[in-house]
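Before any comments, here is the structure.
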There are 2 protein chains.
Amino acid sequence: MSAVNVTDMREADDVVTSATDAAVNTVSNAVSSSVSNPAQSYHHGDLRTALLNAAAKRLSEHGVDSLSLRKLAEDAGVSRTAPYHHFKDKSALLSAIAAKGFSDWHSTAKRIFEQEDKTPSARFREFVCEYVGYAAANPEMYELMFGRTIWQNNAATGDLKDVAFPCFQFQVTMTKFWQNKGLLPDNQDALRLAQVTWGTLHGIARLLIDGIYADSSHIQEMCDCAADLFMQASNKA
Amino acid sequence: MSAVNVTDMREADDVVTSATDAAVNTVSNAVSSSVSNPAQSYHHGDLRTALLNAAAKRLSEHGVDSLSLRKLAEDAGVSRTAPYHHFKDKSALLSAIAAKGFSDWHSTAKRIFEQEDKTPSARFREFVCEYVGYAAANPEMYELMFGRTIWQNNAATGDLKDVAFPCFQFQVTMTKFWQNKGLLPDNQDALRLAQVTWGTLHGIARLLIDGIYADSSHIQEMCDCAADLFMQASNKA
DNA sequence: AAGGCTATGTTGACGGTGTCAAGATAAAGT
DNA sequence: ACTTTATCTTGACACCGTCAACATAGCCTT
C-alpha cells in the first residue's frame, strides 16, 4: 500500500525536475500518516521552479493582482511560508518572473533584428508590430515587466536589472543602426531617440492593455501610423 | 462643558464644507460619552468630500498602494465602513479621484491650447512639456489616472468615463488643428495620430515615473526630441 | 558509519486589508 | 408626531504578507 512514487504530482507544467534524488525516499514509516495524506515527501525537490511555473500560469490567467504567495504555495502543494526559503519576499518572486519575460523578449527582438534577408525597413516595421503584439498578447506579463509593481521604490532585484538593462541597451543599438540606414532621423541623440521610440511603443501598448482609448482591432493601424511617423521624420534630417 | 463646536476638526484641508446644517446640532446629551470622546456628532456633514481630500493627500504623499479605505476613514475620524455609504467600493473612490485629475488636466490642456498669442508650434511644444511635466510632478496621481488599477476589468465608473473621454477627444481636436497648421503630418488619420502622439507622451511619462530607463534630468531633452520628431515628420507628407 | 550543519518545509501568530450584515442614530418628509 | 431614509456604528469573515519557532532530511566531515 501507500504510494510507490513519492514524486508524483510534484513537478509543474513543463519542467523536468531532477527526480533522481527524491526517488530514493523512505517507504518505511508507512503507518505514520493514516488517511488523507497520499505519501508526500517532506522536501519538494524543485519548489523554486514549481512556484515560478505556477506563478506564470496564474499570471496569464488571472493577472498580477490575484497572485498571492499563499495560492502559489497551495498550487505547489506546499505550506504557506515555504516560498520564503526561495524568495526573499513577494516582490523578489515577481522580479524573477519578470526577468524571464525580459530575457524572452530580448531573444525575440534579436531574432527580428538579425534577419539579414529582410530590408532594415521591413525589420523596423516588424519590430514595432511584434512589440505591440507581444504586449497585447501577454498583457499581464507586460504589465508585470513594465508596470509599477516591480520598479517602484527601487524594489527591482539586482537579477532583474541585469536582464532588463541589456534589453534596453539593445534598443539603443537598434536605434543607431536604423539611424545609419536613414530610417530614423540622424540629427537626434541615439539615446534620446531610443527613449522616445521605446516610449511610443510602450505608450501604445499601455493604451491597448488598459483599454483606455484604443482597442485591439486597431493594433495594426496604430503600429503603421507610428512606424510611418518615425520614418517620415528621417526624410528631412 | 463638552465641546461647543461640533464641527471642529471635521472638514479636511482646503475644502469649505457646508457647515451650516451641522452647526445646528444637539448639545443636549452631553453626559453620554464620558471620557476620551470629544463631542463628535454622529453624522459627519460632508464625509464624501473629506474622504476625497484625505485620499488626495495620502495619494500624493504615499502613493496609490498605501491607500486603504480604513486609513481614509480614520483620517476623516469615522468608522471603517462609513465610506461604503458614499462609494460603492474602493475602486469607485479611486475613480472619483482620478476623475478630478482628468478634469484638472483637461483645463490645463485647454488653457495651453487656447493661447492665441503664441504660435501653434510654440503651443505644441508647451503642450508636450506640460504633459510630461505634469506626470513627473504628480506621479502618483498620474499613475492612478492612467494606471491599471482603475481601468482593468472595465472597473471604471461611468462618471470617470464621462470625464476621461472628452479629455482624449480634445487630444484629437488638437491633433487635427496641428495637422491643419502643418505641424503634424497630414497624411495620417487624425484619430490614429492622436493615439500615437498621446501614446508617446504617455510612454515617456511612464518611463520617467517608473524610473525604468530614464530619469527626470532628461525630461527637457526627451520632450524636445519627441516634439522634433513629430514636427519633422510633417515636412514630407 | 556517526554526527553535526544547513537547506528546506511546517504550524502558529500578528497586523493589515476589503467587504458584508445587522443594528443605532439623526435628518427629512409626511 | 410618525415614518422613511440617509448615514454611521460594531461585529465578523476571508483573505493577504510576513516573522518566529520548530521539524525534517539531505549533505559533509570525521
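Labels for the C-alpha cells follow display order: chains A, B, ..., residues from 1 in each chain, ligands from 1.
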Using only C-alpha atoms (C1' of nucleotides), what does the table of chain B residues within 9 Å of chain C look like, with each row giving the shortest atom pair and its distance in Å to one decimal, sorted by chain and ascending number, as a Markdown table?
| residue | atom | partner | partner_atom | distance |
| --- | --- | --- | --- | --- |
| B:Tyr42 | CA | C:DT25 | C1' | 6.9 |
| B:His43 | CA | C:DA26 | C1' | 7.5 |
| B:Ser68 | CA | C:DT17 | C1' | 7.5 |
| B:Leu69 | CA | C:DG18 | C1' | 8.0 |
| B:Arg70 | CA | C:DT17 | C1' | 8.3 |
| B:Thr81 | CA | C:DT19 | C1' | 8.5 |
| B:Asp89 | CA | C:DG18 | C1' | 8.3 |
| B:Lys90 | CA | C:DG18 | C1' | 7.8 |
I need the chosen residues saved as a tab-separated table (two decimals), in the first residue's frame, with C-alpha atoms.
chain	number	residue	atom	x	y	z
B	42	TYR	CA	-22.97	61.12	14.80
B	43	HIS	CA	-23.14	62.34	11.25
B	68	SER	CA	-6.67	51.95	2.18
B	69	LEU	CA	-10.28	52.71	2.88
B	70	ARG	CA	-9.69	52.05	6.55
B	81	THR	CA	-17.26	51.02	6.95
B	89	ASP	CA	-16.26	50.13	-3.20
B	90	LYS	CA	-12.63	51.13	-3.16
Open item on the list: Would you mind listing, as a count of residues only, all residues of chain D that have at least one atom within 8 Å of chain B, where only C-alpha atoms (C1' of nucleotides) are what counts?
Closed with: 3
Open item on the list: Within 6 Å of chain B, which residues belong to chain A? Use only C-alpha atoms and report them as a PyMOL selection string.
Closed with: chain A and resi 151+192+199-200+202-204+210+222+229+232-233
Serialized selection, C-alpha atoms, as a PDB file, in the first residue's frame:
ATOM      1  CA  TRP A 151      10.083  49.073 -10.279  1.00  0.00           C
ATOM      2  CA  ARG A 192      17.050  60.149 -26.559  1.00  0.00           C
ATOM      3  CA  GLY A 199       8.257  55.319 -25.190  1.00  0.00           C
ATOM      4  CA  THR A 200       5.904  55.400 -28.132  1.00  0.00           C
ATOM      5  CA  HIS A 202       5.291  51.483 -24.559  1.00  0.00           C
ATOM      6  CA  GLY A 203       2.570  54.088 -24.659  1.00  0.00           C
ATOM      7  CA  ILE A 204       0.632  52.380 -27.424  1.00  0.00           C
ATOM      8  CA  ASP A 210      -5.622  49.257 -20.273  1.00  0.00           C
ATOM      9  CA  MET A 222      -1.613  52.223 -34.813  1.00  0.00           C
ATOM     10  CA  LEU A 229       5.717  58.784 -38.428  1.00  0.00           C
ATOM     11  CA  GLN A 232       8.827  60.177 -42.312  1.00  0.00           C
ATOM     12  CA  ALA A 233      10.769  62.178 -39.787  1.00  0.00           C
TER      13      ALA A 233
END
- [ ] May I have all residues of segment 62-222 of chain A that DSSP, computed from the backbone, assigns to alpha helix (DSSP H), given as JSON, numbers by chain?
- [x] {"A": [62, 69, 70, 71, 72, 73, 74, 75, 90, 91, 92, 93, 94, 95, 96, 97, 98, 99, 100, 101, 102, 103, 104, 105, 106, 107, 108, 109, 110, 111, 112, 113, 120, 121, 122, 123, 124, 125, 126, 127, 128, 129, 130, 131, 132, 133, 134, 135, 136, 137, 139, 140, 141, 142, 143, 144, 145, 146, 148, 149, 150, 151, 158, 159, 160, 161, 162, 163, 164, 165, 166, 167, 168, 169, 170, 171, 172, 173, 174, 175, 176, 177, 178, 179, 180, 190, 191, 192, 193, 194, 195, 196, 197, 198, 199, 200, 201, 202, 203, 204, 205, 206, 207, 208, 209, 210, 219, 220, 221, 222]}
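Between atom CA of Ser66 of chain A and atom CA of Leu52 of chain B lies a distance of 26.3 Å.
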- [ ] Counting only C-alpha atoms, figure out which residue out of B:Glu61, B:Gln171, B:Phe177, B:Pro139 gets nearest to Pro120 of chain B.
- [x]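 That would be B:Phe177, the residue with the smallest distance to Pro120 of chain B.
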- [ ] For segment 95-107 of chain A, please output as a PyMOL selection string all residues within 9 Å (counting only C-alpha atoms (C1' of nucleotides); exclusion window: fewer than 5 positions along the same chain).
- [x] chain A and resi 52-53+55-56+87+90+112+131+134+141-142+144-146+150+155-157+159-164+166-168+170
Those same residues - N, CA and C atoms - I'd like them written as a PDB file, in the first residue's frame.
ATOM      1  N   LEU A  52       7.596  29.298  -9.718  1.00  0.00           N
ATOM      2  CA  LEU A  52       7.661  30.198 -10.873  1.00  0.00           C
ATOM      3  C   LEU A  52       6.668  29.765 -11.951  1.00  0.00           C
ATOM      4  N   ASN A  53       6.545  28.469 -12.163  1.00  0.00           N
ATOM      5  CA  ASN A  53       5.596  27.990 -13.164  1.00  0.00           C
ATOM      6  C   ASN A  53       4.163  28.269 -12.752  1.00  0.00           C
ATOM      7  N   ALA A  55       3.225  30.526 -10.840  1.00  0.00           N
ATOM      8  CA  ALA A  55       3.035  31.981 -10.911  1.00  0.00           C
ATOM      9  C   ALA A  55       2.781  32.421 -12.343  1.00  0.00           C
ATOM     10  N   ALA A  56       3.570  31.891 -13.273  1.00  0.00           N
ATOM     11  CA  ALA A  56       3.390  32.259 -14.678  1.00  0.00           C
ATOM     12  C   ALA A  56       1.989  31.895 -15.150  1.00  0.00           C
ATOM     13  N   PHE A  87      12.458  32.747  -2.085  1.00  0.00           N
ATOM     14  CA  PHE A  87      12.373  34.151  -2.486  1.00  0.00           C
ATOM     15  C   PHE A  87      12.273  35.011  -1.241  1.00  0.00           C
ATOM     16  N   LYS A  90       7.571  38.638  -1.727  1.00  0.00           N
ATOM     17  CA  LYS A  90       6.732  38.538  -2.920  1.00  0.00           C
ATOM     18  C   LYS A  90       7.368  39.269  -4.096  1.00  0.00           C
ATOM     19  N   ILE A 112      14.360  39.204 -34.582  1.00  0.00           N
ATOM     20  CA  ILE A 112      13.783  40.075 -35.612  1.00  0.00           C
ATOM     21  C   ILE A 112      14.858  40.959 -36.237  1.00  0.00           C
ATOM     22  N   TYR A 131       6.477  44.139 -31.043  1.00  0.00           N
ATOM     23  CA  TYR A 131       6.493  44.696 -29.688  1.00  0.00           C
ATOM     24  C   TYR A 131       5.071  44.906 -29.170  1.00  0.00           C
ATOM     25  N   TYR A 134       3.223  41.623 -28.813  1.00  0.00           N
ATOM     26  CA  TYR A 134       3.607  40.880 -27.613  1.00  0.00           C
ATOM     27  C   TYR A 134       2.872  41.419 -26.389  1.00  0.00           C
ATOM     28  N   MET A 141       1.766  39.712 -18.364  1.00  0.00           N
ATOM     29  CA  MET A 141       3.211  39.656 -18.290  1.00  0.00           C
ATOM     30  C   MET A 141       3.815  41.027 -18.587  1.00  0.00           C
ATOM     31  N   TYR A 142       3.276  41.680 -19.608  1.00  0.00           N
ATOM     32  CA  TYR A 142       3.781  43.000 -19.964  1.00  0.00           C
ATOM     33  C   TYR A 142       3.581  43.971 -18.810  1.00  0.00           C
ATOM     34  N   LEU A 144       3.429  43.278 -15.746  1.00  0.00           N
ATOM     35  CA  LEU A 144       4.386  42.966 -14.690  1.00  0.00           C
ATOM     36  C   LEU A 144       5.763  43.514 -15.028  1.00  0.00           C
ATOM     37  N   MET A 145       6.189  43.299 -16.265  1.00  0.00           N
ATOM     38  CA  MET A 145       7.523  43.730 -16.678  1.00  0.00           C
ATOM     39  C   MET A 145       7.697  45.241 -16.615  1.00  0.00           C
ATOM     40  N   PHE A 146       6.702  45.957 -17.100  1.00  0.00           N
ATOM     41  CA  PHE A 146       6.863  47.406 -17.227  1.00  0.00           C
ATOM     42  C   PHE A 146       5.963  48.192 -16.296  1.00  0.00           C
ATOM     43  N   ILE A 150       6.892  46.288  -9.830  1.00  0.00           N
ATOM     44  CA  ILE A 150       8.259  45.837  -9.645  1.00  0.00           C
ATOM     45  C   ILE A 150       9.263  46.961  -9.479  1.00  0.00           C
ATOM     46  N   ALA A 155      12.501  48.646  -5.940  1.00  0.00           N
ATOM     47  CA  ALA A 155      12.281  47.300  -5.435  1.00  0.00           C
ATOM     48  C   ALA A 155      12.860  46.238  -6.367  1.00  0.00           C
ATOM     49  N   ALA A 156      13.288  46.664  -7.535  1.00  0.00           N
ATOM     50  CA  ALA A 156      13.794  45.706  -8.515  1.00  0.00           C
ATOM     51  C   ALA A 156      15.044  44.988  -7.997  1.00  0.00           C
ATOM     52  N   THR A 157      15.025  43.698  -8.152  1.00  0.00           N
ATOM     53  CA  THR A 157      16.157  42.864  -7.773  1.00  0.00           C
ATOM     54  C   THR A 157      17.357  43.165  -8.669  1.00  0.00           C
ATOM     55  N   ASP A 159      19.143  40.914  -9.979  1.00  0.00           N
ATOM     56  CA  ASP A 159      18.976  39.963 -11.072  1.00  0.00           C
ATOM     57  C   ASP A 159      18.099  40.532 -12.181  1.00  0.00           C
ATOM     58  N   LEU A 160      17.024  41.175 -11.736  1.00  0.00           N
ATOM     59  CA  LEU A 160      16.103  41.747 -12.719  1.00  0.00           C
ATOM     60  C   LEU A 160      16.791  42.810 -13.556  1.00  0.00           C
ATOM     61  N   LYS A 161      17.481  43.709 -12.874  1.00  0.00           N
ATOM     62  CA  LYS A 161      18.171  44.776 -13.592  1.00  0.00           C
ATOM     63  C   LYS A 161      19.192  44.209 -14.563  1.00  0.00           C
ATOM     64  N   ASP A 162      19.854  43.151 -14.144  1.00  0.00           N
ATOM     65  CA  ASP A 162      20.874  42.545 -15.010  1.00  0.00           C
ATOM     66  C   ASP A 162      20.295  42.065 -16.330  1.00  0.00           C
ATOM     67  N   VAL A 163      19.022  41.709 -16.304  1.00  0.00           N
ATOM     68  CA  VAL A 163      18.401  41.234 -17.543  1.00  0.00           C
ATOM     69  C   VAL A 163      17.734  42.372 -18.286  1.00  0.00           C
ATOM     70  N   ALA A 164      17.116  43.283 -17.530  1.00  0.00           N
ATOM     71  CA  ALA A 164      16.311  44.327 -18.151  1.00  0.00           C
ATOM     72  C   ALA A 164      17.167  45.397 -18.836  1.00  0.00           C
ATOM     73  N   PRO A 166      20.270  45.306 -20.306  1.00  0.00           N
ATOM     74  CA  PRO A 166      20.765  44.958 -21.642  1.00  0.00           C
ATOM     75  C   PRO A 166      19.650  44.992 -22.668  1.00  0.00           C
ATOM     76  N   CYS A 167      18.453  44.708 -22.199  1.00  0.00           N
ATOM     77  CA  CYS A 167      17.299  44.695 -23.088  1.00  0.00           C
ATOM     78  C   CYS A 167      17.076  46.085 -23.682  1.00  0.00           C
ATOM     79  N   PHE A 168      17.260  47.103 -22.856  1.00  0.00           N
ATOM     80  CA  PHE A 168      17.107  48.456 -23.385  1.00  0.00           C
ATOM     81  C   PHE A 168      18.348  48.893 -24.149  1.00  0.00           C
ATOM     82  N   PHE A 170      19.899  47.196 -26.043  1.00  0.00           N
ATOM     83  CA  PHE A 170      19.693  46.681 -27.388  1.00  0.00           C
ATOM     84  C   PHE A 170      18.828  47.621 -28.211  1.00  0.00           C
TER      85      PHE A 170
END
